[in-house]
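Peer 1: Here it is: the structure, laid out below.
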Amino acid sequence: MTFKYVVMKTTLFRLMAIFMLAGSCMKLSAQEVPCRIAVSDENSIRTNNSEWQGWGTSLCWWANRVGYHETLVKLSADAFFDARKGLGLNIMRYNIGGGDDPTHHHITRTDSDVPGWQHYDAETGQTTWDYEADARQLNVMKAACKSAGQDAIIEVFSNSPPYFMTNSGCSTGSFKSDENNLRDDCYEQFAGYLAHVTDYIEHKLKLKVTSVSPMNEPNTNYWPAMNYKQEGCHFDAGEPQSRILTLTRRALDGYGLNDVLVVTSDETNPGLQIDEIRRLSPEARSIIGRINTHTYGTNSIREMGRLAKDEGMNLWMSEVDGNGTIGPAAGEMSAGLWIADKIISDIEALEPSAWVLWQVIDTHVCAEGYQGRVDKGPLNREGGYWGTAWADHDAGKIELTQKYYAIGQFSRYIRPGSTVILCNPERRSGCRAIAARDGRHVTVVVANLSADEKPVEIDLTGCGVKNVHRTRQIRTSGTIAEGEHWTESKGPAVIDGILSASLAPYSITTFCL
């Protein structure tokens with residue numbers, strides 16, 4: 001009896017162990033297998049001699065709106081351009097406004113009626129320069145450059161020529177939005193306008209300009225006359241684009257600005273950009289200093305990256321944003337996860353040397369409005385939205401979002417001068433990742449797009465990393481009120497080249513070692 005009892009008891013324990021093991025396997029299956037990420041120097045981006053130039057934003061239209069307010073200027077410089085206090089963006093795309101006909105009142109957004117640098121007398125046909133017209137945007141740019149310090153990069157770009165140089169007499173576009181709007185007799189005058197402003201910024205304001213982009217999404221039908229939103233100008237691919245590029249180069253050289261680059265047409269998607277580059281004249285193609293492309297559309301994005309490498313050209317992702325979300329239950333993190341996924345996807349496919357957001361502030365709160373126009377009000381942090389924050393002009397505050405903190409998980413820790421490394425974990429793992437090396441230091445950013453806590457194994461042997469006992473872990477998750485915002489803690493050790501950690505649901509984590 002005793003023997004049988006022992007056997008039965010032993011068998012029972014074995015069965016229980018089997019069931020417990022099965023249960024643990026089922027639990028692991030429910031959480032999915034660990035997200036495995038390989039970080040290897042062999043996958044480094046080679047664009048721009050493998051040197052990452054940085055992260056940025058355009059200054060239009062938000063700087064035009066907040067630049068009158070001393071407190072908002074200071075808060076913006078700290079929040080967006082200071083690497084210790086904020087995002088550490090270092091690229092500023094300054095918009096040289098064309099300025100609309102002063103008798104027009106169709107631009108109803110409070111921020112996007114960007115003033116021009118010249119006044120036009122219709123009776124005499126004469127123009128005069130007004131160096132104070134765009135003081136608001138310039139105030140922000142000066143403060144931003146100070147916060148960014150030695151990493152600051154300024155690019156000036158144009159959405160439209162001044163209204164008096166256009167066919168329609170309107171800076172928002174042509175009456176037929178797929179037709180050229182710069183008058184045939186004004187190409188040289190417009191190139192001179194861009195060069196003169198660039199020269200003023202460099203020699204009067206003492207701010208170094210790196211590049212000039214004379215066209216913005218030109219080969220589209222986005223820009224109709226009397227538009228409510230912003231300036232814009234169509235340029236056909238081929239001769240018109242070639243002409244303005246070569247004339248801009250000559251105008252800059254005439255001011256002695258030989259080291260200021262002229263860049264391509266800042267097209268809305270890589271497919272259009274490729275076509276426009278191929279249709280440039282030999283002279284225009286020879287003077288291109290860098291390729292800029294937006295990624296609102298992603299058609300032919302990998303082909304764009306290959307073309308840049310084949311041509312030996314530097315390449316920026318120079319503008320994008322959107323109101324996308326990821327995660328049906330992610331709440332305030334949904335917009336942050338979307339922008340994290342967008343950053344990683346763009347860099348994986350395009351392999352640029354910089355990534356630039358459209359604008360960091362997309363909406364404003366002000367009881368008085370602005371110039372008789374009404375502000376849109378605060379963002380809905382729970383959904384999708386453009387920008388990363390809103391400016392409260394009444395309270396003198398910049399209100400931030402989890403999308404802001406999501407971008408900071410990249411921009412604060414992958415700094416200019418580092419080498420970006422592609423990781424490409426399987427999408428089915430629910431994780432996205434990218435890495436960078438700066439000397440002996442390696443940074444890995446991992447976004448957990450799923451609702452589950454997720455184990456992650458990061459293989460660093462391809463970077464020559466073997467054992468590291470002290471690492472940093474920085475995470476953003478949850479809500480503005482109660483969540484994590486670049487919350488730093490002691491990170492896991494690297495043992496035999498492997499960093500093992502657990503990723504919080506709907507989170508972005510940066511590992512620094």
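Chains: A, B, ... in order of the structure tokens. Residues: from 1 per chain. Ligands: from 1, in order shown.
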Quick one: everything within 10 Å of Thr443 (chain A), counting only C-alpha atoms, minus sequence neighbours fewer than 6 positions away in the same chain. Send it as an NGL selection string.
Peer 2: :A and (39 or 410 or 413-415 or 418 or 420-421 or 434-437 or 471-473 or 510-513)
Peer 1: Write to file, as a compact mmCIF listing (two decimals), in the first residue's frame, the residues of the selection just made, with all heavy atoms.
Peer 2:
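So the final result, stored in out-v3.txt, reads:
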# COMPACT_ATOMS: atom_id res chain seq x y z
N VAL A 39 21.90 44.47 -33.17
CA VAL A 39 22.52 45.76 -33.44
C VAL A 39 23.94 45.51 -33.93
O VAL A 39 24.78 45.02 -33.18
CB VAL A 39 22.54 46.64 -32.18
CG1 VAL A 39 23.13 48.01 -32.51
CG2 VAL A 39 21.13 46.79 -31.61
N PHE A 410 14.05 59.64 -29.08
CA PHE A 410 15.04 59.55 -30.16
C PHE A 410 16.00 60.75 -30.12
O PHE A 410 17.22 60.58 -30.06
CB PHE A 410 14.35 59.52 -31.52
CG PHE A 410 13.43 58.36 -31.73
CD1 PHE A 410 12.11 58.40 -31.28
CD2 PHE A 410 13.86 57.23 -32.41
CE1 PHE A 410 11.26 57.33 -31.49
CE2 PHE A 410 13.01 56.15 -32.62
CZ PHE A 410 11.71 56.20 -32.15
N TYR A 413 18.77 61.41 -27.36
CA TYR A 413 19.80 60.40 -27.10
C TYR A 413 20.56 59.95 -28.34
O TYR A 413 21.65 59.42 -28.23
CB TYR A 413 19.15 59.19 -26.40
CG TYR A 413 18.36 59.64 -25.19
CD1 TYR A 413 16.96 59.71 -25.21
CD2 TYR A 413 19.01 60.05 -24.03
CE1 TYR A 413 16.24 60.16 -24.11
CE2 TYR A 413 18.30 60.51 -22.93
CZ TYR A 413 16.92 60.56 -22.97
OH TYR A 413 16.22 61.02 -21.89
N ILE A 414 19.99 60.15 -29.52
CA ILE A 414 20.73 59.95 -30.78
C ILE A 414 21.11 61.34 -31.27
O ILE A 414 20.29 62.07 -31.82
CB ILE A 414 19.90 59.19 -31.82
CG1 ILE A 414 19.53 57.80 -31.31
CG2 ILE A 414 20.64 59.10 -33.14
CD1 ILE A 414 18.64 57.00 -32.24
N ARG A 415 22.34 61.72 -31.04
CA ARG A 415 22.75 63.10 -31.22
C ARG A 415 23.51 63.32 -32.53
O ARG A 415 24.04 62.37 -33.13
CB ARG A 415 23.61 63.55 -30.04
CG ARG A 415 22.92 63.48 -28.70
CD ARG A 415 21.67 64.35 -28.67
NE ARG A 415 21.99 65.75 -28.92
CZ ARG A 415 21.13 66.65 -29.41
NH1 ARG A 415 19.88 66.29 -29.72
NH2 ARG A 415 21.49 67.90 -29.59
N SER A 418 26.65 61.24 -34.45
CA SER A 418 26.64 59.79 -34.22
C SER A 418 26.38 59.06 -35.54
O SER A 418 26.10 59.68 -36.57
CB SER A 418 25.60 59.42 -33.17
OG SER A 418 24.30 59.80 -33.58
N VAL A 420 23.92 56.22 -37.19
CA VAL A 420 22.66 55.50 -36.98
C VAL A 420 22.78 54.09 -37.53
O VAL A 420 23.36 53.86 -38.59
CB VAL A 420 21.49 56.26 -37.65
CG1 VAL A 420 20.21 55.43 -37.63
CG2 VAL A 420 21.27 57.59 -36.93
N ILE A 421 22.20 53.14 -36.79
CA ILE A 421 22.27 51.72 -37.14
C ILE A 421 20.86 51.17 -37.30
O ILE A 421 20.01 51.35 -36.42
CB ILE A 421 23.02 50.92 -36.06
CG1 ILE A 421 24.44 51.48 -35.87
CG2 ILE A 421 23.07 49.44 -36.40
CD1 ILE A 421 25.16 50.90 -34.67
N ILE A 434 15.57 51.14 -33.43
CA ILE A 434 16.68 51.74 -34.17
C ILE A 434 17.78 52.02 -33.17
O ILE A 434 17.53 52.16 -31.97
CB ILE A 434 16.24 53.02 -34.91
CG1 ILE A 434 17.20 53.34 -36.05
CG2 ILE A 434 16.07 54.20 -33.95
CD1 ILE A 434 16.61 54.26 -37.08
N ALA A 435 19.01 52.10 -33.64
CA ALA A 435 20.14 52.27 -32.74
C ALA A 435 21.11 53.29 -33.30
O ALA A 435 20.98 53.76 -34.44
CB ALA A 435 20.85 50.93 -32.52
N ALA A 436 22.09 53.65 -32.48
CA ALA A 436 23.14 54.58 -32.92
C ALA A 436 24.39 54.33 -32.10
O ALA A 436 24.33 53.87 -30.96
CB ALA A 436 22.68 56.02 -32.75
N ARG A 437 25.52 54.65 -32.72
CA ARG A 437 26.80 54.58 -32.03
C ARG A 437 27.46 55.95 -32.05
O ARG A 437 27.48 56.62 -33.08
CB ARG A 437 27.72 53.55 -32.70
CG ARG A 437 29.11 53.49 -32.05
CD ARG A 437 30.08 52.71 -32.91
NE ARG A 437 29.96 51.27 -32.75
CZ ARG A 437 30.48 50.57 -31.73
NH1 ARG A 437 31.10 51.19 -30.75
NH2 ARG A 437 30.34 49.27 -31.69
N THR A 471 24.10 50.49 -17.26
CA THR A 471 23.39 51.07 -18.41
C THR A 471 22.28 51.97 -17.89
O THR A 471 21.89 51.90 -16.73
CB THR A 471 22.79 49.98 -19.32
OG1 THR A 471 21.72 49.31 -18.63
CG2 THR A 471 23.84 48.97 -19.75
N ARG A 472 21.78 52.81 -18.81
CA ARG A 472 20.65 53.69 -18.47
C ARG A 472 19.44 53.26 -19.27
O ARG A 472 19.55 52.89 -20.43
CB ARG A 472 20.99 55.15 -18.80
CG ARG A 472 22.15 55.72 -18.03
CD ARG A 472 22.66 56.98 -18.71
NE ARG A 472 21.64 58.00 -18.82
CZ ARG A 472 21.61 58.94 -19.76
NH1 ARG A 472 22.54 58.96 -20.71
NH2 ARG A 472 20.64 59.84 -19.79
N GLN A 473 18.27 53.36 -18.64
CA GLN A 473 17.00 53.04 -19.30
C GLN A 473 16.08 54.24 -19.14
O GLN A 473 15.83 54.69 -18.02
CB GLN A 473 16.39 51.80 -18.65
CG GLN A 473 15.01 51.43 -19.18
CD GLN A 473 14.51 50.14 -18.54
OE1 GLN A 473 15.07 49.07 -18.76
NE2 GLN A 473 13.45 50.25 -17.75
N THR A 510 14.44 53.83 -24.30
CA THR A 510 15.78 54.08 -24.83
C THR A 510 16.80 53.48 -23.87
O THR A 510 16.76 53.76 -22.67
CB THR A 510 16.03 55.58 -24.99
OG1 THR A 510 15.03 56.13 -25.86
CG2 THR A 510 17.40 55.84 -25.60
N PHE A 511 17.68 52.64 -24.40
CA PHE A 511 18.76 52.05 -23.61
C PHE A 511 20.06 52.73 -24.02
O PHE A 511 20.41 52.76 -25.20
CB PHE A 511 18.86 50.55 -23.87
CG PHE A 511 17.62 49.78 -23.48
CD1 PHE A 511 16.68 49.42 -24.46
CD2 PHE A 511 17.38 49.42 -22.17
CE1 PHE A 511 15.53 48.73 -24.12
CE2 PHE A 511 16.22 48.72 -21.82
CZ PHE A 511 15.30 48.37 -22.79
N CYS A 512 20.79 53.27 -23.04
CA CYS A 512 22.06 53.94 -23.29
C CYS A 512 23.17 53.19 -22.58
O CYS A 512 23.09 52.95 -21.37
CB CYS A 512 22.02 55.38 -22.79
SG CYS A 512 20.77 56.41 -23.58
N LEU A 513 24.21 52.80 -23.32
CA LEU A 513 25.31 52.06 -22.72
C LEU A 513 26.65 52.46 -23.36
O LEU A 513 26.70 53.17 -24.33
CB LEU A 513 25.08 50.56 -22.89
CG LEU A 513 24.75 50.05 -24.29
CD1 LEU A 513 25.54 48.81 -24.58
CD2 LEU A 513 23.25 49.75 -24.37
Peer 1: Go through region 254-358 of chain A residue by residue and, counting only C-alpha atoms, keep those with an atom at most 12 Å from region 155-178 of chain A; for each kept residue give the shortest atom pair and its distance in Å to one decimal, ordered by chain and increasing number, as JSON lines.
Peer 2:
{"residue": "A:Val260", "atom": "CA", "partner": "A:Glu155", "partner_atom": "CA", "distance": 9.2}
{"residue": "A:Leu261", "atom": "CA", "partner": "A:Glu155", "partner_atom": "CA", "distance": 9.1}
{"residue": "A:Val262", "atom": "CA", "partner": "A:Glu155", "partner_atom": "CA", "distance": 9.8}
{"residue": "A:Val263", "atom": "CA", "partner": "A:Phe157", "partner_atom": "CA", "distance": 9.5}
{"residue": "A:Thr264", "atom": "CA", "partner": "A:Phe157", "partner_atom": "CA", "distance": 10.7}
{"residue": "A:Ser265", "atom": "CA", "partner": "A:Phe157", "partner_atom": "CA", "distance": 9.9}
{"residue": "A:Asp266", "atom": "CA", "partner": "A:Phe157", "partner_atom": "CA", "distance": 9.2}
{"residue": "A:Glu267", "atom": "CA", "partner": "A:Asn159", "partner_atom": "CA", "distance": 11.6}
{"residue": "A:Arg290", "atom": "CA", "partner": "A:Glu155", "partner_atom": "CA", "distance": 11.4}
{"residue": "A:Asn292", "atom": "CA", "partner": "A:Glu155", "partner_atom": "CA", "distance": 11.1}
{"residue": "A:Trp316", "atom": "CA", "partner": "A:Glu155", "partner_atom": "CA", "distance": 11.5}
{"residue": "A:Ser318", "atom": "CA", "partner": "A:Glu155", "partner_atom": "CA", "distance": 10.0}
{"residue": "A:Glu319", "atom": "CA", "partner": "A:Phe157", "partner_atom": "CA", "distance": 11.6}
{"residue": "A:Val356", "atom": "CA", "partner": "A:Glu155", "partner_atom": "CA", "distance": 11.3}
Peer 1: Write the residues you've just listed into a file as a tab-separated table (two decimals), in the first residue's frame, and include all heavy atoms for each of them.
Peer 2:
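In the end it all went to part.tsv:
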chain	number	residue	atom	x	y	z
A	260	VAL	N	26.85	78.01	-49.17
A	260	VAL	CA	25.44	77.71	-48.87
A	260	VAL	C	24.91	76.78	-49.94
A	260	VAL	O	24.95	77.10	-51.14
A	260	VAL	CB	24.59	79.00	-48.80
A	260	VAL	CG1	23.12	78.65	-48.56
A	260	VAL	CG2	25.11	79.91	-47.69
A	261	LEU	N	24.40	75.62	-49.53
A	261	LEU	CA	23.92	74.62	-50.48
A	261	LEU	C	22.58	75.03	-51.08
A	261	LEU	O	21.76	75.68	-50.42
A	261	LEU	CB	23.75	73.27	-49.79
A	261	LEU	CG	24.95	72.70	-49.03
A	261	LEU	CD1	24.56	71.38	-48.37
A	261	LEU	CD2	26.13	72.50	-49.96
A	262	VAL	N	22.34	74.63	-52.33
A	262	VAL	CA	21.01	74.69	-52.94
A	262	VAL	C	20.49	73.26	-52.99
A	262	VAL	O	21.18	72.36	-53.48
A	262	VAL	CB	21.06	75.30	-54.35
A	262	VAL	CG1	19.67	75.23	-55.00
A	262	VAL	CG2	21.54	76.74	-54.30
A	263	VAL	N	19.29	73.06	-52.46
A	263	VAL	CA	18.77	71.70	-52.36
A	263	VAL	C	17.59	71.51	-53.32
A	263	VAL	O	17.03	72.46	-53.86
A	263	VAL	CB	18.34	71.35	-50.92
A	263	VAL	CG1	19.48	71.61	-49.96
A	263	VAL	CG2	17.11	72.14	-50.48
A	264	THR	N	17.22	70.24	-53.49
A	264	THR	CA	16.16	69.89	-54.44
A	264	THR	C	14.80	70.38	-53.96
A	264	THR	O	14.68	71.04	-52.94
A	264	THR	CB	16.11	68.37	-54.63
A	264	THR	OG1	15.98	67.75	-53.34
A	264	THR	CG2	17.34	67.86	-55.33
A	265	SER	N	13.79	69.97	-54.66
A	265	SER	CA	12.48	70.62	-54.59
A	265	SER	C	11.61	70.28	-53.39
A	265	SER	O	10.44	70.65	-53.38
A	265	SER	CB	11.70	70.28	-55.87
A	265	SER	OG	11.69	68.89	-56.09
A	266	ASP	N	12.13	69.59	-52.38
A	266	ASP	CA	11.32	69.31	-51.19
A	266	ASP	C	9.94	68.77	-51.58
A	266	ASP	O	8.91	69.27	-51.13
A	266	ASP	CB	11.16	70.58	-50.34
A	266	ASP	CG	12.23	70.67	-49.25
A	266	ASP	OD1	12.20	69.83	-48.34
A	266	ASP	OD2	13.08	71.57	-49.33
A	267	GLU	N	9.96	67.72	-52.39
A	267	GLU	CA	8.70	67.19	-52.91
A	267	GLU	C	7.94	66.40	-51.86
A	267	GLU	O	8.51	65.92	-50.87
A	267	GLU	CB	8.96	66.36	-54.17
A	267	GLU	CG	7.73	66.12	-55.00
A	267	GLU	CD	6.92	67.39	-55.27
A	267	GLU	OE1	7.22	68.11	-56.22
A	267	GLU	OE2	5.96	67.64	-54.49
A	290	ARG	N	22.23	68.90	-51.85
A	290	ARG	CA	21.61	67.86	-51.02
A	290	ARG	C	20.22	67.58	-51.57
A	290	ARG	O	19.56	68.46	-52.12
A	290	ARG	CB	21.50	68.32	-49.55
A	290	ARG	CG	20.96	67.23	-48.63
A	290	ARG	CD	20.83	67.68	-47.18
A	290	ARG	NE	19.87	68.75	-47.01
A	290	ARG	CZ	20.15	69.96	-46.60
A	290	ARG	NH1	21.41	70.30	-46.30
A	290	ARG	NH2	19.22	70.88	-46.49
A	292	ASN	N	16.43	66.84	-50.65
A	292	ASN	CA	15.40	66.90	-49.62
A	292	ASN	C	14.15	66.20	-50.13
A	292	ASN	O	13.76	66.41	-51.29
A	292	ASN	CB	15.01	68.34	-49.29
A	292	ASN	CG	15.97	69.01	-48.33
A	292	ASN	OD1	17.05	68.50	-48.04
A	292	ASN	ND2	15.58	70.16	-47.82
A	316	TRP	N	18.10	64.29	-46.82
A	316	TRP	CA	17.30	64.57	-45.63
A	316	TRP	C	15.86	64.14	-45.85
A	316	TRP	O	15.32	64.30	-46.95
A	316	TRP	CB	17.27	66.05	-45.33
A	316	TRP	CG	18.44	66.61	-44.61
A	316	TRP	CD1	19.63	66.01	-44.34
A	316	TRP	CD2	18.53	67.95	-44.09
A	316	TRP	NE1	20.45	66.87	-43.67
A	316	TRP	CE2	19.81	68.07	-43.50
A	316	TRP	CE3	17.67	69.04	-44.05
A	316	TRP	CZ2	20.23	69.26	-42.88
A	316	TRP	CZ3	18.08	70.22	-43.45
A	316	TRP	CH2	19.35	70.32	-42.86
A	318	SER	N	13.01	65.86	-44.96
A	318	SER	CA	12.96	67.26	-44.55
A	318	SER	C	11.60	67.74	-44.07
A	318	SER	O	11.50	68.90	-43.61
A	318	SER	CB	13.43	68.15	-45.70
A	318	SER	OG	12.66	67.91	-46.87
A	319	GLU	N	10.57	66.90	-44.17
A	319	GLU	CA	9.27	67.33	-43.61
A	319	GLU	C	8.27	66.19	-43.62
A	319	GLU	O	8.09	65.50	-44.62
A	319	GLU	CB	8.66	68.48	-44.42
A	319	GLU	CG	7.34	68.99	-43.83
A	319	GLU	CD	6.64	69.99	-44.73
A	319	GLU	OE1	7.30	70.97	-45.14
A	319	GLU	OE2	5.44	69.80	-45.01
A	356	VAL	N	13.13	65.54	-40.04
A	356	VAL	CA	12.59	66.85	-39.67
A	356	VAL	C	11.06	66.81	-39.61
A	356	VAL	O	10.41	66.43	-40.59
A	356	VAL	CB	13.05	67.94	-40.69
A	356	VAL	CG1	12.53	69.30	-40.28
A	356	VAL	CG2	14.57	67.95	-40.80
Peer 1: Between A:Thr388, A:Ser147, A:Ser50, A:Thr325, which is the closest to Lys403 (chain A) once you count only C-alpha atoms?
Peer 2: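 Of the candidates, the smallest distance to Lys403 (chain A) is held by A:Thr388.
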Peer 1: Give me, as a ChimeraX atom specification, the residues of region 247-462 of chain A that a backbone DSSP run labels alpha helix (DSSP H).
Peer 2: /A:247-254,270-278,282-287,301-311,333-350,402-411
Peer 1: Under the rule that only C-alpha atoms are counted, which of A:His485, A:Lys206, A:Arg302, A:Lys466 is the nearest residue to Ile498 (chain A)?
Peer 2: A:Lys466
Peer 1: Near Met313 (chain A), counting only C-alpha atoms, which residues have an atom at most 12 Å away, once you skip same-chain residues fewer than 3 positions from it, shown as a VMD selection string?
Peer 2: chain A and resid 46 to 49 263 to 264 277 285 to 292 304 to 310 316 351 to 353
